[in-house]
Amino acid sequence: MFLSLLLPWDLRRSFLEKQFGYMIHPSSRIGVAWIFPERLIMEANTSIDHLTLCKNIALLHLQEYASIGRGNWIPGFPQTPSHHFTTETDRRPELIIGAHSAITHRHLIDCTNSVTIGKFTTFAGFQSQILTHTIDLAQNRQASAPVSIGDYCFVGTNCVLLGGSALPDFCVLGAKSLLNKNFTDTYQLYGGVPARPIKSLSRDCKYFQRTEGFVV
């Protein structure tokens with residue numbers, strides 16, 4: 001894997017597919033980045049930028065036109081025998097990014113449990129965190145829960161999303177917010193510490209009507 005970083009991209013893609021069984025579309029690209037999940041699926045026109053690290057997760061799946069920016073840290077906890085998470089038989093350490101969605105730069109995304117990002121969503125700004133695991137103080141053991149971000153969402157800079165939380169479709173999470181609940185109401189601006197509904201958003205917002213993920 002380390003030596004493959006020195007190869008031209010076409011040779012590197014071929015090596016990753018043959019050596020590790022990864023599925024990388026010819027139109028997709030990985031920069032100078034350490035991307036080493038058990039399974040990697042990169043559909044058409046996807047990209048992972050330089051200095052991003054992904055390790056110890058079962059699956060990294062980028063649907064068409066999805067992208068991961070520079071300097072992101074995407075660790076997990078493998079499904080190998082361990083003293084941790086022994087009671088969580090359905091735990092899935094994975095990151096799935098929907099079509100035309102983007103994770104920007106310098107975020108921490110803990111994929112000890114599943115992180116799902118819907119289509120046409122922007123995980124924006126810098127230094128946000130998704131934390132899917134914690135310590136269950138009552139039981140004195142490690143615990144994890146998935147995090148879900150819906151379609152056509154916008155997550156502002158420097159946010160924290162905790163295990164078990166969900167941001168519904170067509171919603172915004174304001175900058176520096178803490179999402180710690182499974183919300184269900186769409187077309188809402190959520191914000192604060194902890195996050196709460198602040199105001200309704202118009203269904204006519206052009207952001208919610210995009211047919212391409214790129215924002216000019």
# chains A, B, ... in the order shown; residues from 1 in each chain; ligands from 1
call {"tool": "closest_atom_pairs", "arguments": {"of": "segment 64-147 of chain A", "to": "segment 47-60 of chain A", "cutoff": "7 Å", "atoms": "only C-alpha atoms", "output": "CSV"}}
result
residue,atom,partner,partner_atom,distance
A:Ala66,CA,A:Ser47,CA,6.8
A:Ser67,CA,A:Ser47,CA,4.8
A:Ile68,CA,A:Ile48,CA,4.7
A:Gly69,CA,A:Asp49,CA,4.9
A:Arg70,CA,A:Asp49,CA,4.8
A:Gly71,CA,A:Thr52,CA,4.5
A:Asn72,CA,A:Thr52,CA,4.6
A:Trp73,CA,A:Leu53,CA,5.0
A:Ile74,CA,A:Cys54,CA,4.5
A:Pro75,CA,A:Lys55,CA,5.2
A:Gly76,CA,A:Asn56,CA,4.9
A:Phe77,CA,A:Asn56,CA,5.4
A:Pro78,CA,A:Asn56,CA,5.1
A:Pro93,CA,A:Ile57,CA,5.0
A:Glu94,CA,A:Leu59,CA,4.7
A:Leu95,CA,A:Leu60,CA,5.0
A:Ile96,CA,A:Leu60,CA,6.1
A:Cys111,CA,A:Ile57,CA,6.7
call {"tool": "closest_atom_pairs", "arguments": {"of": "segment 19-110 of chain A", "to": "segment 135-143 of chain A", "cutoff": "12 Å", "atoms": "only C-alpha atoms", "output": "Markdown table"}}
result
| residue | atom | partner | partner_atom | distance |
| --- | --- | --- | --- | --- |
| A:Phe77 | CA | A:Gln142 | CA | 11.3 |
| A:Ser82 | CA | A:Gln142 | CA | 11.3 |
| A:His83 | CA | A:Gln142 | CA | 9.2 |
| A:His84 | CA | A:Gln142 | CA | 6.0 |
| A:Phe85 | CA | A:Gln142 | CA | 6.1 |
| A:Thr86 | CA | A:Gln142 | CA | 9.1 |
| A:Thr87 | CA | A:Ala143 | CA | 9.0 |
| A:Glu88 | CA | A:Ala143 | CA | 8.0 |
| A:Thr89 | CA | A:Ala143 | CA | 11.7 |
| A:Arg91 | CA | A:Ala143 | CA | 9.9 |
call {"tool": "write_last_selection", "arguments": {"atoms": "N, CA and C atoms", "output": "PDB file, in the first residue's frame"}}
result
ATOM      1  N   PHE A  77     -13.229   1.055  13.990  1.00  0.00           N
ATOM      2  CA  PHE A  77     -12.809  -0.038  14.861  1.00  0.00           C
ATOM      3  C   PHE A  77     -13.213  -1.321  14.161  1.00  0.00           C
ATOM      4  N   SER A  82     -12.508  -8.917  19.751  1.00  0.00           N
ATOM      5  CA  SER A  82     -11.993  -7.896  20.668  1.00  0.00           C
ATOM      6  C   SER A  82     -12.826  -7.915  21.937  1.00  0.00           C
ATOM      7  N   HIS A  83     -12.276  -7.338  22.993  1.00  0.00           N
ATOM      8  CA  HIS A  83     -13.036  -7.180  24.234  1.00  0.00           C
ATOM      9  C   HIS A  83     -14.078  -6.072  24.112  1.00  0.00           C
ATOM     10  N   HIS A  84     -13.935  -5.201  23.115  1.00  0.00           N
ATOM     11  CA  HIS A  84     -14.839  -4.074  22.947  1.00  0.00           C
ATOM     12  C   HIS A  84     -16.013  -4.438  22.036  1.00  0.00           C
ATOM     13  N   PHE A  85     -17.172  -3.862  22.295  1.00  0.00           N
ATOM     14  CA  PHE A  85     -18.356  -3.956  21.447  1.00  0.00           C
ATOM     15  C   PHE A  85     -18.837  -5.393  21.230  1.00  0.00           C
ATOM     16  N   THR A  86     -18.585  -6.262  22.180  1.00  0.00           N
ATOM     17  CA  THR A  86     -18.937  -7.674  22.009  1.00  0.00           C
ATOM     18  C   THR A  86     -20.448  -7.892  21.954  1.00  0.00           C
ATOM     19  N   THR A  87     -21.228  -7.006  22.551  1.00  0.00           N
ATOM     20  CA  THR A  87     -22.685  -7.167  22.554  1.00  0.00           C
ATOM     21  C   THR A  87     -23.345  -6.526  21.339  1.00  0.00           C
ATOM     22  N   GLU A  88     -22.581  -5.794  20.546  1.00  0.00           N
ATOM     23  CA  GLU A  88     -23.147  -5.088  19.392  1.00  0.00           C
ATOM     24  C   GLU A  88     -22.919  -5.905  18.124  1.00  0.00           C
ATOM     25  N   THR A  89     -23.740  -6.910  17.947  1.00  0.00           N
ATOM     26  CA  THR A  89     -23.556  -7.839  16.825  1.00  0.00           C
ATOM     27  C   THR A  89     -23.905  -7.220  15.478  1.00  0.00           C
ATOM     28  N   ARG A  91     -23.157  -4.022  14.653  1.00  0.00           N
ATOM     29  CA  ARG A  91     -22.307  -2.851  14.420  1.00  0.00           C
ATOM     30  C   ARG A  91     -21.645  -2.940  13.049  1.00  0.00           C
TER      31      ARG A  91
END
call {"tool": "select_by_dssp", "arguments": {"residues": "chain A", "states": "strand (DSSP E or B)", "output": "ChimeraX atom specification"}}
result
/A:23-24,29-30,34-36,39-42,47-48,53-55,59-62,67-68,73-75,94-97,102-105,108-109,115-117,122-126,129-131,133-136,141-144,147-149,154-155,160-162,166-167,172-173,178-179,182,188-191,196-200
call {"tool": "closest_residue", "arguments": {"among": "A:Gln188, A:Thr132, A:Gln209, A:Thr104", "to": "Thr157 of chain A", "atoms": "only C-alpha atoms"}}
result
A:Thr104
call {"tool": "closest_residue", "arguments": {"among": "A:Gly21, A:Met1, A:Phe15, A:Ser177", "to": "Phe36 of chain A", "atoms": "only C-alpha atoms"}}
result
A:Met1
call {"tool": "residues_around", "arguments": {"residues": "segment 121-131 of chain A", "least_positions_apart": "5", "cutoff": "7 Å", "atoms": "only C-alpha atoms", "output": "list in words"}}
result
Ser101, Ala102, Ile103, Thr104, His105, Arg106, His107, Leu108, Ile109, Asp110, Asp151, Tyr152, Cys153, Phe154, Val155, Gly156, Thr157, Asn158, Cys159, Val160, Leu161, Leu162 and Gly163 of chain A
call {"tool": "closest_residue", "arguments": {"among": "A:Met42, A:Ser165, A:Ala195, A:Phe2", "to": "Glu17 of chain A", "atoms": "only C-alpha atoms"}}
result
A:Met42
call {"tool": "closest_residue", "arguments": {"among": "A:Asn180, A:Ala33, A:Tyr187, A:Lys119", "to": "Asp204 of chain A", "atoms": "only C-alpha atoms"}}
result
A:Tyr187
call {"tool": "residues_around", "arguments": {"residues": "Thr46 of chain A", "least_positions_apart": "4", "cutoff": "10 Å", "atoms": "only C-alpha atoms", "output": "list in words"}}
result
Ile24, His25, Pro26, Ser27, Ser28, Arg29, Ile30, Ile41, Met42, His61, Leu62, Gln63, Glu64, Tyr65, Ala66, Ser67, Ile68, Ala99, His100, Ser101 and Ala102 of chain A
call {"tool": "atom_distance", "arguments": {"atom1": "atom CA of Thr116 of chain A", "atom2": "atom CA of Ser200 of chain A"}}
result
23.7 Å
call {"tool": "closest_residue", "arguments": {"among": "A:Asn45, A:Ser114, A:Ser202, A:Thr134", "to": "Val147 of chain A", "atoms": "only C-alpha atoms"}}
result
A:Ser114
call {"tool": "select_by_dssp", "arguments": {"residues": "segment 2-71 of chain A", "states": "alpha helix (DSSP H)", "output": "ChimeraX atom specification"}}
result
/A:9-20
call {"tool": "residues_around", "arguments": {"residues": "Asp185 of chain A", "least_positions_apart": "3", "cutoff": "12 Å", "atoms": "only C-alpha atoms", "output": "list in words"}}
result
Gly150, Ala166, Leu167, Pro168, Asp169, Phe170, Cys171, Val172, Lys181, Asn182, Gln188, Leu189, Tyr190, Arg196, Pro197, Ile198, Lys199, Ser200 and Leu201 of chain A
call {"tool": "write_last_selection", "arguments": {"atoms": "N, CA, C and O atoms", "output": "mmCIF file, in the first residue's frame"}}
result
data_model
loop_
_atom_site.group_PDB
_atom_site.id
_atom_site.type_symbol
_atom_site.label_atom_id
_atom_site.label_comp_id
_atom_site.auth_asym_id
_atom_site.auth_seq_id
_atom_site.Cartn_x
_atom_site.Cartn_y
_atom_site.Cartn_z
ATOM 1 N N GLY A 150 -29.190 13.318 6.213
ATOM 2 C CA GLY A 150 -30.108 13.061 5.110
ATOM 3 C C GLY A 150 -29.683 13.650 3.780
ATOM 4 O O GLY A 150 -28.565 14.134 3.598
ATOM 5 N N ALA A 166 -29.395 12.052 14.189
ATOM 6 C CA ALA A 166 -29.788 12.063 12.778
ATOM 7 C C ALA A 166 -30.235 13.461 12.393
ATOM 8 O O ALA A 166 -30.977 14.116 13.133
ATOM 9 N N LEU A 167 -29.778 13.923 11.231
ATOM 10 C CA LEU A 167 -30.223 15.173 10.638
ATOM 11 C C LEU A 167 -31.117 14.814 9.463
ATOM 12 O O LEU A 167 -30.660 14.167 8.518
ATOM 13 N N PRO A 168 -32.397 15.203 9.488
ATOM 14 C CA PRO A 168 -33.314 14.771 8.433
ATOM 15 C C PRO A 168 -33.012 15.416 7.081
ATOM 16 O O PRO A 168 -32.199 16.341 6.974
ATOM 17 N N ASP A 169 -33.691 14.940 6.035
ATOM 18 C CA ASP A 169 -33.549 15.491 4.694
ATOM 19 C C ASP A 169 -33.882 16.980 4.681
ATOM 20 O O ASP A 169 -34.726 17.458 5.449
ATOM 21 N N PHE A 170 -33.215 17.710 3.783
ATOM 22 C CA PHE A 170 -33.509 19.122 3.541
ATOM 23 C C PHE A 170 -33.371 19.967 4.813
ATOM 24 O O PHE A 170 -34.217 20.804 5.111
ATOM 25 N N CYS A 171 -32.303 19.744 5.549
ATOM 26 C CA CYS A 171 -32.081 20.476 6.798
ATOM 27 C C CYS A 171 -30.680 21.060 6.845
ATOM 28 O O CYS A 171 -29.771 20.603 6.148
ATOM 29 N N VAL A 172 -30.523 22.067 7.704
ATOM 30 C CA VAL A 172 -29.236 22.724 7.939
ATOM 31 C C VAL A 172 -28.884 22.566 9.410
ATOM 32 O O VAL A 172 -29.749 22.746 10.283
ATOM 33 N N LYS A 181 -29.419 14.168 18.997
ATOM 34 C CA LYS A 181 -30.726 13.529 18.965
ATOM 35 C C LYS A 181 -31.054 13.075 17.552
ATOM 36 O O LYS A 181 -30.466 13.534 16.575
ATOM 37 N N ASN A 182 -32.028 12.195 17.447
ATOM 38 C CA ASN A 182 -32.533 11.719 16.166
ATOM 39 C C ASN A 182 -33.743 12.578 15.798
ATOM 40 O O ASN A 182 -34.869 12.287 16.189
ATOM 41 N N GLN A 188 -35.776 22.206 8.166
ATOM 42 C CA GLN A 188 -35.554 22.915 9.420
ATOM 43 C C GLN A 188 -34.098 23.351 9.528
ATOM 44 O O GLN A 188 -33.193 22.666 9.055
ATOM 45 N N LEU A 189 -33.898 24.500 10.174
ATOM 46 C CA LEU A 189 -32.573 24.897 10.624
ATOM 47 C C LEU A 189 -32.448 24.460 12.075
ATOM 48 O O LEU A 189 -33.234 24.887 12.936
ATOM 49 N N TYR A 190 -31.487 23.571 12.331
ATOM 50 C CA TYR A 190 -31.188 23.133 13.687
ATOM 51 C C TYR A 190 -29.893 23.805 14.125
ATOM 52 O O TYR A 190 -28.962 23.956 13.336
ATOM 53 N N ARG A 196 -31.322 22.276 18.495
ATOM 54 C CA ARG A 196 -32.778 22.268 18.581
ATOM 55 C C ARG A 196 -33.318 22.927 17.313
ATOM 56 O O ARG A 196 -32.588 23.663 16.622
ATOM 57 N N PRO A 197 -34.580 22.722 16.977
ATOM 58 C CA PRO A 197 -35.149 23.420 15.811
ATOM 59 C C PRO A 197 -35.186 24.922 16.058
ATOM 60 O O PRO A 197 -35.648 25.368 17.110
ATOM 61 N N ILE A 198 -34.678 25.693 15.104
ATOM 62 C CA ILE A 198 -34.651 27.147 15.245
ATOM 63 C C ILE A 198 -35.697 27.809 14.359
ATOM 64 O O ILE A 198 -36.443 28.677 14.803
ATOM 65 N N LYS A 199 -35.763 27.398 13.093
ATOM 66 C CA LYS A 199 -36.793 27.958 12.211
ATOM 67 C C LYS A 199 -37.002 27.028 11.025
ATOM 68 O O LYS A 199 -36.133 26.211 10.685
ATOM 69 N N SER A 200 -38.151 27.176 10.390
ATOM 70 C CA SER A 200 -38.462 26.403 9.189
ATOM 71 C C SER A 200 -37.750 27.021 7.990
ATOM 72 O O SER A 200 -37.533 28.242 7.927
ATOM 73 N N LEU A 201 -37.399 26.183 7.028
ATOM 74 C CA LEU A 201 -36.735 26.627 5.806
ATOM 75 C C LEU A 201 -37.686 26.482 4.623
ATOM 76 O O LEU A 201 -38.478 25.535 4.567
#
call {"tool": "atom_distance", "arguments": {"atom1": "atom CA of Asp90 of chain A", "atom2": "atom CA of Ser148 of chain A"}}
result
15.9 Å
call {"tool": "atom_distance", "arguments": {"atom1": "atom CA of Val215 of chain A", "atom2": "atom CA of Thr184 of chain A"}}
result
25.9 Å
call {"tool": "decode", "arguments": {"residues": "segment 57-91 of chain A", "atoms": "N, CA, C and O atoms", "output": "compact mmCIF listing (two decimals), in the first residue's frame"}}
result
# COMPACT_ATOMS: atom_id res chain seq x y z
N ILE A 57 -11.97 0.45 8.86
CA ILE A 57 -13.40 0.37 8.62
C ILE A 57 -13.68 -0.72 7.59
O ILE A 57 -12.81 -1.06 6.78
N ALA A 58 -14.89 -1.25 7.64
CA ALA A 58 -15.25 -2.36 6.75
C ALA A 58 -15.55 -1.90 5.34
O ALA A 58 -15.29 -2.63 4.38
N LEU A 59 -16.12 -0.70 5.20
CA LEU A 59 -16.56 -0.24 3.88
C LEU A 59 -16.47 1.28 3.78
O LEU A 59 -16.93 1.99 4.67
N LEU A 60 -15.89 1.74 2.69
CA LEU A 60 -15.96 3.14 2.28
C LEU A 60 -16.59 3.15 0.90
O LEU A 60 -16.03 2.59 -0.05
N HIS A 61 -17.76 3.77 0.78
CA HIS A 61 -18.51 3.76 -0.48
C HIS A 61 -18.86 5.19 -0.86
O HIS A 61 -19.60 5.87 -0.15
N LEU A 62 -18.32 5.64 -1.99
CA LEU A 62 -18.66 6.94 -2.56
C LEU A 62 -19.53 6.71 -3.78
O LEU A 62 -19.08 6.09 -4.77
N GLN A 63 -20.77 7.17 -3.73
CA GLN A 63 -21.63 7.08 -4.88
C GLN A 63 -21.28 8.17 -5.88
O GLN A 63 -20.50 9.07 -5.58
N GLU A 64 -21.82 8.11 -7.08
CA GLU A 64 -21.34 8.94 -8.19
C GLU A 64 -21.28 10.42 -7.83
O GLU A 64 -22.16 10.96 -7.17
N TYR A 65 -20.19 11.05 -8.24
CA TYR A 65 -19.91 12.47 -8.05
C TYR A 65 -19.72 12.86 -6.58
O TYR A 65 -19.70 14.05 -6.26
N ALA A 66 -19.57 11.91 -5.69
CA ALA A 66 -19.28 12.24 -4.29
C ALA A 66 -17.79 12.55 -4.14
O ALA A 66 -16.95 12.07 -4.92
N SER A 67 -17.45 13.34 -3.11
CA SER A 67 -16.05 13.70 -2.93
C SER A 67 -15.70 13.83 -1.45
O SER A 67 -16.55 14.18 -0.63
N ILE A 68 -14.44 13.56 -1.14
CA ILE A 68 -13.87 13.77 0.18
C ILE A 68 -12.67 14.69 -0.01
O ILE A 68 -11.78 14.40 -0.82
N GLY A 69 -12.62 15.79 0.72
CA GLY A 69 -11.58 16.79 0.53
C GLY A 69 -10.27 16.46 1.23
O GLY A 69 -10.02 15.31 1.61
N ARG A 70 -9.46 17.47 1.44
CA ARG A 70 -8.10 17.30 1.96
C ARG A 70 -8.09 17.16 3.48
O ARG A 70 -8.87 17.78 4.20
N GLY A 71 -7.15 16.36 3.95
CA GLY A 71 -6.81 16.34 5.36
C GLY A 71 -7.87 15.79 6.29
O GLY A 71 -7.90 16.15 7.47
N ASN A 72 -8.74 14.93 5.79
CA ASN A 72 -9.76 14.33 6.66
C ASN A 72 -9.22 13.07 7.33
O ASN A 72 -8.39 12.35 6.77
N TRP A 73 -9.71 12.81 8.53
CA TRP A 73 -9.29 11.66 9.33
C TRP A 73 -10.52 10.78 9.53
O TRP A 73 -11.49 11.21 10.16
N ILE A 74 -10.49 9.56 8.98
CA ILE A 74 -11.65 8.67 8.99
C ILE A 74 -11.24 7.33 9.59
O ILE A 74 -10.94 6.37 8.87
N PRO A 75 -11.17 7.23 10.92
CA PRO A 75 -10.82 5.97 11.57
C PRO A 75 -12.07 5.18 11.93
O PRO A 75 -13.19 5.71 11.92
N GLY A 76 -11.88 3.92 12.28
CA GLY A 76 -12.97 3.09 12.77
C GLY A 76 -12.45 2.09 13.77
O GLY A 76 -11.35 2.25 14.32
N PHE A 77 -13.23 1.06 13.99
CA PHE A 77 -12.81 -0.04 14.86
C PHE A 77 -13.21 -1.32 14.16
O PHE A 77 -14.40 -1.56 13.93
N PRO A 78 -12.26 -2.17 13.77
CA PRO A 78 -12.57 -3.32 12.92
C PRO A 78 -13.47 -4.34 13.60
O PRO A 78 -13.60 -4.38 14.82
N GLN A 79 -14.08 -5.17 12.78
CA GLN A 79 -14.98 -6.21 13.27
C GLN A 79 -14.23 -7.50 13.59
O GLN A 79 -14.75 -8.59 13.39
N THR A 80 -13.02 -7.37 14.07
CA THR A 80 -12.24 -8.53 14.49
C THR A 80 -12.51 -8.83 15.96
O THR A 80 -12.99 -7.97 16.69
N PRO A 81 -12.21 -10.04 16.41
CA PRO A 81 -12.45 -10.37 17.83
C PRO A 81 -11.76 -9.38 18.76
O PRO A 81 -10.59 -9.05 18.58
N SER A 82 -12.51 -8.92 19.75
CA SER A 82 -11.99 -7.90 20.67
C SER A 82 -12.83 -7.92 21.94
O SER A 82 -13.96 -8.41 21.96
N HIS A 83 -12.28 -7.34 22.99
CA HIS A 83 -13.04 -7.18 24.23
C HIS A 83 -14.08 -6.07 24.11
O HIS A 83 -15.00 -6.00 24.93
N HIS A 84 -13.93 -5.20 23.11
CA HIS A 84 -14.84 -4.07 22.95
C HIS A 84 -16.01 -4.44 22.04
O HIS A 84 -15.87 -5.23 21.09
N PHE A 85 -17.17 -3.86 22.30
CA PHE A 85 -18.36 -3.96 21.45
C PHE A 85 -18.84 -5.39 21.23
O PHE A 85 -19.44 -5.71 20.21
N THR A 86 -18.58 -6.26 22.18
CA THR A 86 -18.94 -7.67 22.01
C THR A 86 -20.45 -7.89 21.95
O THR A 86 -20.91 -8.87 21.36
N THR A 87 -21.23 -7.01 22.55
CA THR A 87 -22.68 -7.17 22.55
C THR A 87 -23.34 -6.53 21.34
O THR A 87 -24.55 -6.71 21.12
N GLU A 88 -22.58 -5.79 20.55
CA GLU A 88 -23.15 -5.09 19.39
C GLU A 88 -22.92 -5.91 18.12
O GLU A 88 -22.05 -5.61 17.30
N THR A 89 -23.74 -6.91 17.95
CA THR A 89 -23.56 -7.84 16.82
C THR A 89 -23.91 -7.22 15.48
O THR A 89 -23.48 -7.74 14.43
N ASP A 90 -24.68 -6.13 15.48
CA ASP A 90 -25.06 -5.50 14.22
C ASP A 90 -24.23 -4.25 13.92
O ASP A 90 -24.55 -3.48 13.00
N ARG A 91 -23.16 -4.02 14.65
CA ARG A 91 -22.31 -2.85 14.42
C ARG A 91 -21.64 -2.94 13.05
O ARG A 91 -21.09 -3.96 12.67
